[in-house]
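Student: Once you've had a glance at the structure underneath, I'll fire off some questions.
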Amino acid sequence: SADDDPDSLKILYQDEHLMAVHKPSGLPTMHSQTFVEYTILHVLRTALSDTTLAPPQPVHRLGVGTSGVLLIATSLPARKALSRAIREKRVKKIYRALVCGADIPDSLRIDCPIGPVPFPIGGGTINAACPTVSATQKESDDRNHDETSNEGRGSAEIQPTGKASLSLVRVVLRNVEADQALVDVEIPTGRPHQIRIHMAYVGHPLVGDPLYLSGGVPDREPRLFPKRSKEDEDMDTDEEGEEGEEVMRVALPRDCGYSLH
């Protein structure tokens with residue numbers, strides 16, 4: 001589709017030190033073990049490396065399913081300056097998302113930690129909400145663990161450990177008839193899938209998000225997904241089949257269907 005075609009990449013601004021491009025939904029920012037050519041990094045370096053002071057380098061990332069403005073350094077001084085500005089939080093990142101529930105409060109401050117939780121594929125974990133456990137709850141959990149410590153030996157349990165995460169939400173528009181709302185989300189922190197996780201955590205997941213359920217936890221139930229033909233992360237989780245066929249698997253972070261810009 002046009003949305004995930006590397007040729008659809010639009011340059012919004014360019015000078016000798018930096019450029020701003022529009023990243024379409026469906027196109028990864030950086031390469032990984034399985035994303036190589038099908039990335040913004042590869043497209044830009046293939047097209048522009050001979051014309052820039054340094055190889056083009058994104059200074060931040062946008063998720064596969066997220067569209068929006070991506071800053072690219074095209075000189076070493078610019079890469080250093082932009083990276084420092086982002087690290088020192090002098091760059092404000094605001095996203096717009098379509099979420100479930102027109103009854104969402106006018107503004108929200110979400111500070112639930114985010115970290116790895118058990119997941120059936122992708123290395124055994126995935127990022128999700130990791131609410132801080134109260135002392136009382138921890139004591140109760142410890143007692144329950146002691147009582148069952150002799151059960152299930154030989155299997156290691158992954159204990160969720162989250163990093164501090166903050167999302168500031170403001171409602172832009174409500175659609176009461178559709179029970180949806182358009183919101184702006186500022187993220188002073190930038191955890192992977194932070195907006196998807198935080199909005200689901202407060203009971204207002206992104207419309208069409210196939211992965212995160214209310215509470216900010218991943219959906220572990222397998223269901224049918226279209227067989228993909230493009231290079232993709234976790235390709236080994238897809239069963240053999242022709243393009244256009246459906247396969248049974250759990251949802252993955254790569255799966256789109258939501259509106260986040």
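FYI, nothing fancy with the structure tokens labels: chains A, B, ... in order, residues from 1 per chain, ligands from 1 as they appear.
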Tell me, as a list of chain:residue names, which residues lie within 8 Å of A:His193, counting only C-alpha atoms; anything in the same chain fewer than 5 positions away does not count.
Tutor: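 Listed by chain and then number, they are A:Gly63, A:Asn127, A:Pro253.
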Student: Kindly assemble as a tab-separated table a list of the stretch 41-148 of chain A residues that lie within 7 Å of stretch 200-212 of chain A, each paired with its nearest atom pair and their distance in Å to one decimal, using only C-alpha atoms, sorted first by chain and then by ascending residue number.
Tutor:
residue	atom	partner	partner_atom	distance
A:Ala97	CA	A:Leu206	CA	6.9
A:Leu98	CA	A:Leu206	CA	5.8
A:Val99	CA	A:Leu206	CA	4.2
A:Cys100	CA	A:His204	CA	5.0
A:Gly101	CA	A:His204	CA	5.9
A:Ala129	CA	A:Tyr201	CA	6.7
Student: Would you write out those residues with N, CA, C and O atoms, as a PDB file, in the first residue's frame?
Tutor:
ATOM      1  N   ALA A  97      -3.493  10.830  18.847  1.00  0.00           N
ATOM      2  CA  ALA A  97      -3.989   9.457  18.793  1.00  0.00           C
ATOM      3  C   ALA A  97      -5.503   9.429  18.868  1.00  0.00           C
ATOM      4  O   ALA A  97      -6.131  10.292  19.489  1.00  0.00           O
ATOM      5  N   LEU A  98      -6.088   8.417  18.239  1.00  0.00           N
ATOM      6  CA  LEU A  98      -7.521   8.164  18.326  1.00  0.00           C
ATOM      7  C   LEU A  98      -7.724   7.040  19.332  1.00  0.00           C
ATOM      8  O   LEU A  98      -7.197   5.935  19.146  1.00  0.00           O
ATOM      9  N   VAL A  99      -8.448   7.325  20.416  1.00  0.00           N
ATOM     10  CA  VAL A  99      -8.590   6.353  21.493  1.00  0.00           C
ATOM     11  C   VAL A  99     -10.045   5.985  21.725  1.00  0.00           C
ATOM     12  O   VAL A  99     -10.963   6.711  21.337  1.00  0.00           O
ATOM     13  N   CYS A 100     -10.250   4.853  22.364  1.00  0.00           N
ATOM     14  CA  CYS A 100     -11.586   4.384  22.715  1.00  0.00           C
ATOM     15  C   CYS A 100     -12.096   5.141  23.933  1.00  0.00           C
ATOM     16  O   CYS A 100     -11.345   5.408  24.871  1.00  0.00           O
ATOM     17  N   GLY A 101     -13.380   5.465  23.927  1.00  0.00           N
ATOM     18  CA  GLY A 101     -14.004   6.068  25.102  1.00  0.00           C
ATOM     19  C   GLY A 101     -14.104   7.571  25.030  1.00  0.00           C
ATOM     20  O   GLY A 101     -13.112   8.278  25.249  1.00  0.00           O
ATOM     21  N   ALA A 129       2.584  -2.389  30.769  1.00  0.00           N
ATOM     22  CA  ALA A 129       2.459  -1.644  32.022  1.00  0.00           C
ATOM     23  C   ALA A 129       2.965  -2.482  33.186  1.00  0.00           C
ATOM     24  O   ALA A 129       2.659  -3.665  33.289  1.00  0.00           O
TER      25      ALA A 129
END
Student: With distances taken over only C-alpha atoms, which residue among A:Ile126, A:Val69, A:Val91, A:Ala164 lies nearest A:Asp111?
Tutor: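 Going through A:Ile126, A:Val69, A:Val91, A:Ala164 one by one, the smallest distance to A:Asp111 is for A:Ala164.
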Student: Skip A:Thr39 itself and residues of its chain fewer than 3 positions away, then list as a list in words all residues within 6 Å of it, counting only C-alpha atoms.
Tutor: Pro28, Thr29, Met30 and His42 of chain A
Student: Selection from above, N, CA, C and O atoms, as a compact mmCIF listing (two decimals), in the first residue's frame, can you write it?
Tutor:
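Final output, saved to out24.txt:
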# COMPACT_ATOMS: atom_id res chain seq x y z
N PRO A 28 9.41 0.83 9.11
CA PRO A 28 10.29 0.93 10.27
C PRO A 28 11.30 2.06 10.11
O PRO A 28 11.70 2.40 9.00
N THR A 29 11.72 2.63 11.24
CA THR A 29 12.73 3.68 11.21
C THR A 29 14.12 3.12 10.98
O THR A 29 14.86 3.57 10.10
N MET A 30 14.51 2.13 11.79
CA MET A 30 15.86 1.57 11.77
C MET A 30 15.80 0.09 11.40
O MET A 30 14.77 -0.56 11.50
N HIS A 42 17.70 2.83 5.52
CA HIS A 42 18.22 2.31 4.25
C HIS A 42 17.80 3.18 3.07
O HIS A 42 18.61 3.48 2.18
Student: Rounded to one decimal place, report the atom CA of A:Arg45-atom CA of A:Arg254 distance in Å.
Tutor: 23.0 Å
Student: With a distance cut-off of 10 Å and only C-alpha atoms, select the neighbouring residues of A:Ile114, excluding the residue or stretch itself and same-chain residues fewer than 2 positions from it, and output the selection as a ChimeraX atom specification.
Tutor: /A:111-112,116-117,127-132,160-166,191-194,197-198,216
Student: Can you pull out the residues contacting A:Thr52? Cut-off 10 Å, using only C-alpha atoms, and skip same-chain residues under 3 positions away; I want them as a list in words.
Tutor: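 Close residues of A:Thr52: Asp15, Glu16, His17, Leu18, Arg45, Leu48, Ser49, Pro55, Pro56, Ala73, Thr74 and Ser75 of chain A.
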Student: Please return, as a PyMOL selection string, all residues of stretch 10-236 of chain A that DSSP assigns to strand (DSSP E or B) on the basis of the backbone.
Tutor: chain A and resi 10-14+18-23+57-58+68-73+94-100+107-110+114-118+125-129+163+167-175+180-186+206+212-213+217-218+223-226
Student: Create the file for the chosen residues now, containing C-alpha atoms and written as a PDB file, in the first residue's frame.
Tutor:
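After the write, result.pdb holds the following:
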ATOM      1  CA  LYS A  10       8.279  12.887   1.918  1.00  0.00           C
ATOM      2  CA  ILE A  11      10.994  15.408   2.790  1.00  0.00           C
ATOM      3  CA  LEU A  12       9.423  18.262   4.782  1.00  0.00           C
ATOM      4  CA  TYR A  13      12.587  20.300   5.387  1.00  0.00           C
ATOM      5  CA  GLN A  14      16.241  20.008   4.406  1.00  0.00           C
ATOM      6  CA  LEU A  18      19.510  18.158   9.018  1.00  0.00           C
ATOM      7  CA  MET A  19      16.279  17.180   7.420  1.00  0.00           C
ATOM      8  CA  ALA A  20      12.746  16.431   8.554  1.00  0.00           C
ATOM      9  CA  VAL A  21      10.827  13.670   6.798  1.00  0.00           C
ATOM     10  CA  HIS A  22       7.307  12.331   7.099  1.00  0.00           C
ATOM     11  CA  LYS A  23       7.443   8.689   8.190  1.00  0.00           C
ATOM     12  CA  GLN A  57      21.017   9.192  10.617  1.00  0.00           C
ATOM     13  CA  PRO A  58      17.654   9.383  12.433  1.00  0.00           C
ATOM     14  CA  GLY A  68       4.817  11.638  11.742  1.00  0.00           C
ATOM     15  CA  VAL A  69       7.831  13.923  11.587  1.00  0.00           C
ATOM     16  CA  LEU A  70      11.224  12.263  11.927  1.00  0.00           C
ATOM     17  CA  LEU A  71      14.417  14.309  12.416  1.00  0.00           C
ATOM     18  CA  ILE A  72      17.449  13.172  10.421  1.00  0.00           C
ATOM     19  CA  ALA A  73      21.002  14.431  10.998  1.00  0.00           C
ATOM     20  CA  ILE A  94       3.711  15.430  21.047  1.00  0.00           C
ATOM     21  CA  TYR A  95       1.627  12.785  19.290  1.00  0.00           C
ATOM     22  CA  ARG A  96      -2.022  12.658  18.252  1.00  0.00           C
ATOM     23  CA  ALA A  97      -3.989   9.457  18.793  1.00  0.00           C
ATOM     24  CA  LEU A  98      -7.521   8.164  18.326  1.00  0.00           C
ATOM     25  CA  VAL A  99      -8.590   6.353  21.493  1.00  0.00           C
ATOM     26  CA  CYS A 100     -11.586   4.384  22.715  1.00  0.00           C
ATOM     27  CA  SER A 107      -6.513  15.857  30.751  1.00  0.00           C
ATOM     28  CA  LEU A 108      -4.541  12.981  32.231  1.00  0.00           C
ATOM     29  CA  ARG A 109      -1.119  12.502  33.763  1.00  0.00           C
ATOM     30  CA  ILE A 110      -0.089   8.852  33.360  1.00  0.00           C
ATOM     31  CA  ILE A 114       6.797   0.373  31.647  1.00  0.00           C
ATOM     32  CA  GLY A 115       8.915  -2.750  31.377  1.00  0.00           C
ATOM     33  CA  PRO A 116       9.157  -6.321  30.105  1.00  0.00           C
ATOM     34  CA  VAL A 117       6.458  -8.847  30.965  1.00  0.00           C
ATOM     35  CA  PRO A 118       6.170 -12.506  29.901  1.00  0.00           C
ATOM     36  CA  THR A 125       9.020 -10.804  26.952  1.00  0.00           C
ATOM     37  CA  ILE A 126       7.305  -7.687  25.655  1.00  0.00           C
ATOM     38  CA  ASN A 127       6.980  -4.156  27.038  1.00  0.00           C
ATOM     39  CA  ALA A 128       3.795  -3.491  28.989  1.00  0.00           C
ATOM     40  CA  ALA A 129       2.459  -1.644  32.022  1.00  0.00           C
ATOM     41  CA  LYS A 163      11.175   2.057  34.102  1.00  0.00           C
ATOM     42  CA  SER A 167       2.573  10.674  29.390  1.00  0.00           C
ATOM     43  CA  LEU A 168       0.591  13.934  29.477  1.00  0.00           C
ATOM     44  CA  VAL A 169      -2.757  13.639  27.712  1.00  0.00           C
ATOM     45  CA  ARG A 170      -5.098  16.385  26.507  1.00  0.00           C
ATOM     46  CA  VAL A 171      -8.422  15.800  24.752  1.00  0.00           C
ATOM     47  CA  VAL A 172      -8.718  17.582  21.400  1.00  0.00           C
ATOM     48  CA  LEU A 173     -12.092  16.283  20.200  1.00  0.00           C
ATOM     49  CA  ARG A 174     -14.777  13.857  21.371  1.00  0.00           C
ATOM     50  CA  ASN A 175     -17.019  11.724  19.186  1.00  0.00           C
ATOM     51  CA  GLN A 180     -14.012   7.736  20.671  1.00  0.00           C
ATOM     52  CA  ALA A 181     -11.768  10.714  21.362  1.00  0.00           C
ATOM     53  CA  LEU A 182      -8.890  12.433  19.615  1.00  0.00           C
ATOM     54  CA  VAL A 183      -6.095  13.242  22.061  1.00  0.00           C
ATOM     55  CA  ASP A 184      -2.689  14.906  22.106  1.00  0.00           C
ATOM     56  CA  VAL A 185      -0.072  12.999  24.098  1.00  0.00           C
ATOM     57  CA  GLU A 186       3.218  14.542  25.186  1.00  0.00           C
ATOM     58  CA  LEU A 206      -5.951   3.187  20.794  1.00  0.00           C
ATOM     59  CA  TYR A 212      -2.574  -3.871  24.084  1.00  0.00           C
ATOM     60  CA  LEU A 213      -5.676  -4.485  26.173  1.00  0.00           C
ATOM     61  CA  VAL A 217      -1.190  -5.627  29.098  1.00  0.00           C
ATOM     62  CA  PRO A 218      -0.578  -7.578  25.874  1.00  0.00           C
ATOM     63  CA  ARG A 223      -6.004 -15.214  16.287  1.00  0.00           C
ATOM     64  CA  LEU A 224      -5.947 -14.934  12.516  1.00  0.00           C
ATOM     65  CA  PHE A 225      -3.681 -12.375  10.836  1.00  0.00           C
ATOM     66  CA  PRO A 226      -2.975 -11.846   7.121  1.00  0.00           C
TER      67      PRO A 226
END
Student: Quick one: pull the distance between atom CA of A:Asp255 and atom CA of A:Ile187, Å, one decimal.
Tutor: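 Between atom CA of A:Asp255 and atom CA of A:Ile187 the gap works out to 21.8 Å.
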